[in-house]
file run26.pdb (PDB, C-alpha atoms)
ATOM      1  CA  ILE A   1      21.079  -3.826  43.453
ATOM      2  CA  GLN A   2      23.766  -1.509  42.149
ATOM      3  CA  ILE A   3      22.915  -0.110  38.729
ATOM      4  CA  ASN A   4      24.834   2.209  36.451
ATOM      5  CA  ASP A   5      23.644   3.387  33.033
ATOM      6  CA  GLN A   6      20.869   0.746  32.972
ATOM      7  CA  GLN A   7      23.345  -2.055  33.683
ATOM      8  CA  ILE A   8      23.307  -4.227  36.845
ATOM      9  CA  LEU A   9      26.788  -3.999  38.416
ATOM     10  CA  ALA A  10      26.328  -5.925  41.678
ATOM     11  CA  LEU A  11      23.842  -7.632  44.020
ATOM     12  CA  GLN A  12      24.167  -6.971  47.759
ATOM     13  CA  SER A  13      22.349  -8.367  50.797
ATOM     14  CA  HIS A  14      22.143  -4.944  52.476
ATOM     15  CA  PRO A  15      21.653  -1.365  51.228
ATOM     16  CA  PRO A  16      24.911   0.448  50.403
ATOM     17  CA  GLN A  17      26.298   3.192  52.616
ATOM     18  CA  ASP A  18      25.906   5.868  49.966
ATOM     19  CA  ALA A  19      22.639   7.145  48.466
ATOM     20  CA  PHE A  20      20.070   4.641  47.204
ATOM     21  CA  THR A  21      16.440   4.560  46.046
ATOM     22  CA  ASP A  22      13.916   2.424  47.920
ATOM     23  CA  LEU A  23      11.371   1.146  45.378
ATOM     24  CA  GLY A  24       9.145  -0.336  48.081
ATOM     25  CA  ASN A  25       7.058  -3.429  47.384
ATOM     26  CA  ALA A  26       8.166  -3.971  43.784
ATOM     27  CA  ILE A  27       9.110  -6.811  41.448
ATOM     28  CA  LEU A  28      12.409  -6.946  39.616
ATOM     29  CA  MET A  29      11.980  -8.840  36.358
ATOM     30  CA  PRO A  30      13.484  -9.087  32.871
ATOM     31  CA  GLY A  31      12.220  -6.643  30.269
ATOM     32  CA  LEU A  32       9.155  -7.719  28.294
ATOM     33  CA  ILE A  33       9.110  -8.517  24.572
ATOM     34  CA  ASN A  34       6.083  -7.762  22.388
ATOM     35  CA  ALA A  35       6.480  -9.973  19.323
ATOM     36  CA  HIS A  36       3.754  -8.422  17.150
ATOM     37  CA  VAL A  37       2.943  -4.706  17.235
ATOM     38  CA  HIS A  38       1.136  -2.467  14.741
ATOM     39  CA  LEU A  39       2.187   0.970  15.971
ATOM     40  CA  GLU A  40       0.943   2.545  12.755
ATOM     41  CA  TRP A  41      -2.616   1.738  13.902
ATOM     42  CA  SER A  42      -2.173   3.431  17.299
ATOM     43  CA  HIS A  43      -4.566   6.240  16.375
ATOM     44  CA  LEU A  44      -7.442   3.737  16.063
ATOM     45  CA  ARG A  45      -7.364   2.865  19.750
ATOM     46  CA  ASN A  46     -10.880   2.858  21.285
ATOM     47  CA  GLN A  47     -12.424   3.584  17.882
ATOM     48  CA  ILE A  48     -13.386  -0.021  17.149
ATOM     49  CA  GLN A  49     -16.021  -1.594  19.353
ATOM     50  CA  PRO A  50     -15.844  -5.287  20.331
ATOM     51  CA  GLN A  51     -17.191  -7.403  17.485
ATOM     52  CA  LYS A  52     -19.001 -10.749  17.388
ATOM     53  CA  ASN A  53     -16.435 -12.406  15.120
ATOM     54  CA  PHE A  54     -13.165 -11.875  13.291
ATOM     55  CA  MET A  55     -14.732 -10.854   9.986
ATOM     56  CA  ASP A  56     -16.833  -8.109  11.589
ATOM     57  CA  TRP A  57     -13.706  -6.805  13.306
ATOM     58  CA  LEU A  58     -11.764  -6.896  10.032
ATOM     59  CA  MET A  59     -14.477  -4.915   8.249
ATOM     60  CA  ALA A  60     -14.479  -2.345  11.067
ATOM     61  CA  VAL A  61     -10.721  -1.901  10.692
ATOM     62  CA  LYS A  62     -11.032  -1.497   6.926
ATOM     63  CA  CYS A  63     -13.663   1.213   7.370
ATOM     64  CA  LEU A  64     -11.176   3.283   9.410
ATOM     65  CA  SER A  65      -8.002   2.432   7.502
ATOM     66  CA  HIS A  66      -8.123   5.739   5.593
ATOM     67  CA  GLN A  67      -7.289   7.657   8.784
ATOM     68  CA  ALA A  68      -3.661   8.773   8.991
ATOM     69  CA  LEU A  69      -1.337   8.182  11.919
ATOM     70  CA  ASP A  70      -0.291  11.364  13.735
ATOM     71  CA  ASP A  71       2.735  12.090  15.932
ATOM     72  CA  LYS A  72       0.611  12.530  19.076
ATOM     73  CA  HIS A  73      -0.824   9.016  19.012
ATOM     74  CA  LEU A  74       2.474   7.446  17.959
ATOM     75  CA  SER A  75       4.398   9.152  20.777
ATOM     76  CA  ALA A  76       1.768   8.130  23.342
ATOM     77  CA  ALA A  77       1.869   4.503  22.186
ATOM     78  CA  MET A  78       5.663   4.369  22.320
ATOM     79  CA  GLU A  79       5.709   5.908  25.808
ATOM     80  CA  GLU A  80       3.166   3.329  27.001
ATOM     81  CA  ILE A  81       5.342   0.521  25.626
ATOM     82  CA  TYR A  82       8.325   1.860  27.558
ATOM     83  CA  GLN A  83       6.409   2.467  30.790
ATOM     84  CA  CYS A  84       5.042  -1.102  30.736
ATOM     85  CA  GLY A  85       8.576  -2.489  30.930
ATOM     86  CA  THR A  86       8.863  -3.581  27.309
ATOM     87  CA  VAL A  87      12.441  -3.584  26.037
ATOM     88  CA  LEU A  88      11.959  -5.049  22.553
ATOM     89  CA  ILE A  89       9.142  -5.020  20.018
ATOM     90  CA  ALA A  90       8.586  -6.495  16.587
ATOM     91  CA  GLU A  91       6.869  -3.707  14.663
ATOM     92  CA  ILE A  92       4.772  -4.909  11.723
ATOM     93  CA  THR A  93       4.331  -2.161   9.143
ATOM     94  CA  ASN A  94       2.704  -1.645   5.787
ATOM     95  CA  THR A  95       3.438   2.068   5.491
ATOM     96  CA  LYS A  96       6.899   2.489   7.122
ATOM     97  CA  LYS A  97       5.528   5.565   8.952
ATOM     98  CA  THR A  98       6.954   4.399  12.289
ATOM     99  CA  VAL A  99      10.506   3.628  11.145
ATOM    100  CA  SER A 100      12.132   6.999  11.865
ATOM    101  CA  ALA A 101      10.416   7.336  15.270
ATOM    102  CA  LEU A 102      11.523   3.863  16.351
ATOM    103  CA  ALA A 103      15.128   4.779  15.590
ATOM    104  CA  GLN A 104      14.891   7.266  18.496
ATOM    105  CA  ALA A 105      12.871   5.037  20.865
ATOM    106  CA  SER A 106      13.811   4.139  24.451
ATOM    107  CA  PHE A 107      13.428   0.443  23.595
ATOM    108  CA  GLU A 108      14.808  -1.831  20.881
ATOM    109  CA  SER A 109      12.832  -2.882  17.826
ATOM    110  CA  ILE A 110      12.873  -5.226  14.864
ATOM    111  CA  ILE A 111      10.882  -3.835  11.946
ATOM    112  CA  TYR A 112       9.023  -6.045   9.497
ATOM    113  CA  GLU A 113       7.261  -5.000   6.327
ATOM    114  CA  GLU A 114       4.320  -7.294   5.687
ATOM    115  CA  ILE A 115       4.146  -8.565   2.135
ATOM    116  CA  VAL A 116       0.804  -9.389   0.569
ATOM    117  CA  GLY A 117      -0.080 -10.183  -3.018
ATOM    118  CA  TRP A 118      -0.531  -6.576  -4.116
ATOM    119  CA  ASN A 119       2.656  -5.090  -2.629
ATOM    120  CA  ILE A 120       5.209  -7.825  -3.368
ATOM    121  CA  SER A 121       6.962  -5.458  -5.770
ATOM    122  CA  ASN A 122       8.215  -3.609  -2.659
ATOM    123  CA  MET A 123      10.755  -6.400  -2.271
ATOM    124  CA  LEU A 124      12.562  -5.027  -5.310
ATOM    125  CA  HIS A 125      13.602  -2.071  -3.123
ATOM    126  CA  PRO A 126      15.100  -3.563   0.063
ATOM    127  CA  ASP A 127      15.941  -1.485   3.122
ATOM    128  CA  SER A 128      18.695  -2.679   5.456
ATOM    129  CA  HIS A 129      16.603  -1.654   8.492
ATOM    130  CA  ILE A 130      13.472  -3.567   7.462
ATOM    131  CA  HIS A 131      12.861  -7.302   7.147
ATOM    132  CA  PHE A 132      10.345  -8.533   4.613
ATOM    133  CA  THR A 133       7.893 -11.106   5.938
ATOM    134  CA  PRO A 134       4.782 -12.764   4.475
ATOM    135  CA  HIS A 135       1.578 -11.437   5.980
ATOM    136  CA  SER A 136      -0.173 -14.811   6.001
ATOM    137  CA  LEU A 137      -0.750 -17.982   4.031
ATOM    138  CA  HIS A 138      -3.949 -16.495   2.613
ATOM    139  CA  GLY A 139      -2.388 -13.183   1.586
ATOM    140  CA  LEU A 140       0.049 -14.523  -1.026
ATOM    141  CA  SER A 141       0.069 -17.087  -3.783
ATOM    142  CA  ARG A 142       1.992 -20.336  -3.343
ATOM    143  CA  GLU A 143       4.704 -19.075  -5.718
ATOM    144  CA  ASP A 144       5.152 -15.752  -3.904
ATOM    145  CA  LEU A 145       5.225 -17.427  -0.474
ATOM    146  CA  LYS A 146       7.963 -19.777  -1.635
ATOM    147  CA  LYS A 147       9.885 -16.859  -3.115
ATOM    148  CA  ILE A 148       9.908 -14.958   0.192
ATOM    149  CA  ILE A 149      10.722 -18.013   2.299
ATOM    150  CA  LEU A 150      13.489 -19.314   0.035
ATOM    151  CA  GLN A 151      15.277 -15.970  -0.218
ATOM    152  CA  LYS A 152      15.458 -15.580   3.563
ATOM    153  CA  LYS A 153      19.116 -15.777   4.600
ATOM    154  CA  ASP A 154      19.343 -14.158   8.058
ATOM    155  CA  ASP A 155      18.357 -15.611  11.440
ATOM    156  CA  VAL A 156      15.575 -13.082  12.094
ATOM    157  CA  PRO A 157      12.320 -15.038  12.651
ATOM    158  CA  ILE A 158       9.523 -14.907  10.106
ATOM    159  CA  SER A 159       6.538 -13.053  11.557
ATOM    160  CA  ILE A 160       3.313 -14.379  10.079
ATOM    161  CA  HIS A 161      -0.407 -14.487  10.858
ATOM    162  CA  PHE A 162      -1.193 -18.201  11.123
ATOM    163  CA  ALA A 163      -4.532 -19.915  11.854
ATOM    164  CA  GLU A 164      -5.877 -16.856  13.683
ATOM    165  CA  SER A 165      -9.520 -17.542  12.967
ATOM    166  CA  LYS A 166     -11.884 -20.270  11.843
ATOM    167  CA  GLU A 167     -12.688 -18.124   8.776
ATOM    168  CA  GLU A 168      -9.056 -18.176   7.667
ATOM    169  CA  ILE A 169      -8.791 -21.952   8.110
ATOM    170  CA  GLU A 170     -12.060 -22.513   6.245
ATOM    171  CA  PHE A 171     -10.781 -20.481   3.297
ATOM    172  CA  LEU A 172      -7.366 -22.166   3.144
ATOM    173  CA  GLU A 173      -8.638 -25.714   3.583
ATOM    174  CA  LYS A 174     -12.044 -25.607   1.842
ATOM    175  CA  ASN A 175     -12.023 -22.477  -0.353
ATOM    176  CA  SER A 176     -15.264 -21.311   1.234
ATOM    177  CA  GLY A 177     -16.687 -19.131   3.972
ATOM    178  CA  ASN A 178     -16.687 -15.447   4.886
ATOM    179  CA  PHE A 179     -12.999 -14.963   4.129
ATOM    180  CA  LYS A 180     -13.601 -15.834   0.490
ATOM    181  CA  LYS A 181     -16.575 -13.447   0.378
ATOM    182  CA  PHE A 182     -14.430 -10.702   1.925
ATOM    183  CA  PHE A 183     -11.679 -11.164  -0.669
ATOM    184  CA  LYS A 184     -14.163 -11.054  -3.526
ATOM    185  CA  GLN A 185     -15.782  -7.908  -2.150
ATOM    186  CA  LYS A 186     -12.606  -5.978  -1.331
ATOM    187  CA  TYR A 187      -9.968  -7.356  -3.712
ATOM    188  CA  SER A 188     -11.878  -8.900  -6.597
ATOM    189  CA  ASP A 189      -9.017  -8.273  -9.044
ATOM    190  CA  LYS A 190      -6.300  -9.530  -6.698
ATOM    191  CA  ILE A 191      -7.825 -12.563  -5.003
ATOM    192  CA  ILE A 192      -5.361 -15.248  -3.935
ATOM    193  CA  PRO A 193      -6.245 -18.865  -4.859
ATOM    194  CA  SER A 194      -6.993 -21.178  -1.943
ATOM    195  CA  PRO A 195      -4.602 -24.153  -1.688
ATOM    196  CA  LYS A 196      -7.467 -26.346  -0.377
ATOM    197  CA  LYS A 197      -5.072 -28.129   1.987
ATOM    198  CA  ASN A 198      -4.641 -28.685   5.701
ATOM    199  CA  ILE A 199      -3.065 -25.463   6.942
ATOM    200  CA  VAL A 200      -0.170 -27.165   8.760
ATOM    201  CA  SER A 201       0.587 -29.442   5.797
ATOM    202  CA  TYR A 202       0.554 -26.428   3.490
ATOM    203  CA  ALA A 203       3.019 -24.566   5.733
ATOM    204  CA  GLU A 204       5.331 -27.592   5.749
ATOM    205  CA  GLU A 205       5.096 -27.891   1.980
ATOM    206  CA  LEU A 206       6.250 -24.286   1.680
ATOM    207  CA  GLY A 207       9.206 -24.938   3.994
ATOM    208  CA  LEU A 208       7.948 -22.536   6.626
ATOM    209  CA  HIS A 209       8.794 -24.949   9.463
ATOM    210  CA  HIS A 210      12.496 -24.750   8.644
ATOM    211  CA  HIS A 211      12.643 -21.168   9.954
ATOM    212  CA  PRO A 212      12.137 -19.636  13.407
ATOM    213  CA  LEU A 213       8.635 -18.176  13.529
ATOM    214  CA  LEU A 214       6.760 -15.455  15.392
TER     215      LEU A 214
END

call {"tool": "encode", "arguments": {"input": "run26.pdb", "output": "structure tokens"}}
result
Amino acid sequence: IQINDQQILALQSHPPQDAFTDLGNAILMPGLINAHVHLEWSHLRNQIQPQKNFMDWLMAVKCLSHQALDDKHLSAAMEEIYQCGTVLIAEITNTKKTVSALAQASFESIIYEEIVGWNISNMLHPDSHIHFTPHSLHGLSREDLKKIILQKKDDVPISIHFAESKEEIEFLEKNSGNFKKFFKQKYSDKIIPSPKKNIVSYAEELGLHHHPLL
């Protein structure tokens, strides 16, 4: 395989006469795509023990969310992405702390800012390098979800957390369960009303199925 500046120029049945590199017993494959990355949480690696359920894991994350991302952990995470053969990531951010570093990365990226009920005002200050996307069906009111979905004009997919856990589905469809308790405990003044509908039917009602999704 003749390569120049990361581009394949030609395929040959025998090694060329000039210098070449023998990679041994290796696999040649297309670059990988990671469609949902939270690089801004890289510093929490190995700090959260395996949990029994989603809600316990979520509480563990919240307990450590005050810790700030540092350059050392961010650089190590980006190098690992590159070394694993990943050529494109979708970075999901709430803080925008990874934006400048990704501009210098050895791989391509699409950057999303997750919108939830208490930061929707961020959409009043758009950035050409960042795509707004709803965090989830439980993180925004019906009106705000429709607002985000309807204003979407480009062909960049919507990245959204969807039916990730039984707790989420129980909250959206029945307005009960540990998700509701979590919202009341953590965000009592900002709780989002449950639609009390089948989660797929609710997504269709919002028009979510008319867009490419991640």

call {"tool": "closest_atom_pairs", "arguments": {"input": "run26.pdb", "of": "region 112-197 of chain A", "to": "region 17-37 of chain A", "cutoff": "10 Å", "atoms": "only C-alpha atoms", "output": "tab-separated table"}}
result
residue	atom	partner	partner_atom	distance
A:Tyr112	CA	A:His36	CA	9.6
A:Ser159	CA	A:His36	CA	7.8
A:Ile160	CA	A:His36	CA	9.3
A:His161	CA	A:His36	CA	9.7

call {"tool": "closest_residue", "arguments": {"input": "run26.pdb", "among": "A:Gln47, A:Asn4, A:Ser106, A:Asn119", "to": "Leu64 (chain A)", "atoms": "all atoms listed in the file"}}
result
A:Gln47

call {"tool": "resolve_selection", "arguments": {"input": "run26.pdb", "expression": "the PyMOL selection byres ((chain A and resi 179) around 12)", "output": "ChimeraX atom specification"}}
result
/A:53-56,58-59,138-139,165-178,180-187,191-194

call {"tool": "resolve_selection", "arguments": {"input": "run26.pdb", "expression": "the PyMOL selection byres ((chain A and resi 204-210) around 12)", "output": "VMD selection string"}}
result
chain A and resid 133 to 134 136 to 137 140 to 153 155 157 to 160 162 195 197 to 203 211 to 214

call {"tool": "resolve_selection", "arguments": {"input": "run26.pdb", "expression": "the PyMOL selection byres ((chain A and resi 73) around 10)", "output": "tab-separated table (two decimals) with C-alpha atoms, in the frame of the given file"}}
result
chain	number	residue	atom	x	y	z
A	39	LEU	CA	2.19	0.97	15.97
A	40	GLU	CA	0.94	2.54	12.76
A	41	TRP	CA	-2.62	1.74	13.90
A	42	SER	CA	-2.17	3.43	17.30
A	43	HIS	CA	-4.57	6.24	16.38
A	44	LEU	CA	-7.44	3.74	16.06
A	45	ARG	CA	-7.36	2.86	19.75
A	69	LEU	CA	-1.34	8.18	11.92
A	70	ASP	CA	-0.29	11.36	13.74
A	71	ASP	CA	2.74	12.09	15.93
A	72	LYS	CA	0.61	12.53	19.08
A	74	LEU	CA	2.47	7.45	17.96
A	75	SER	CA	4.40	9.15	20.78
A	76	ALA	CA	1.77	8.13	23.34
A	77	ALA	CA	1.87	4.50	22.19
A	78	MET	CA	5.66	4.37	22.32
A	79	GLU	CA	5.71	5.91	25.81

call {"tool": "atom_distance", "arguments": {"input": "run26.pdb", "atom1": "CA of Glu91 (chain A)", "atom2": "CA of Glu113 (chain A)"}}
result
8.4 Å

call {"tool": "atom_distance", "arguments": {"input": "run26.pdb", "atom1": "CA of Gln49 (chain A)", "atom2": "CA of Ser65 (chain A)"}}
result
14.9 Å

call {"tool": "atom_distance", "arguments": {"input": "run26.pdb", "atom1": "CA of Leu102 (chain A)", "atom2": "CA of Ile48 (chain A)"}}
result
25.2 Å

call {"tool": "closest_residue", "arguments": {"input": "run26.pdb", "among": "A:Thr86, A:Val156, A:Lys62, A:Ser13", "to": "Ile111 (chain A)", "atoms": "all atoms listed in the file"}}
result
A:Val156

call {"tool": "closest_residue", "arguments": {"input": "run26.pdb", "among": "A:Gln67, A:Leu11, A:His129, A:Asn122", "to": "Asn94 (chain A)", "atoms": "only C-alpha atoms"}}
result
A:Asn122

call {"tool": "axis_aligned_box", "arguments": {"input": "run26.pdb", "around": "region 1-10 of chain A", "padding_each_side": "8 Å", "output": "JSON"}}
result
{"center_x": 23.8, "center_y": -1.3, "center_z": 38.2, "size_x": 21.9, "size_y": 25.3, "size_z": 26.5}

call {"tool": "closest_residue", "arguments": {"input": "run26.pdb", "among": "A:Glu80, A:Ile110, A:Gly117, A:Ala68", "to": "Thr95 (chain A)", "atoms": "all atoms listed in the file"}}
result
A:Ala68
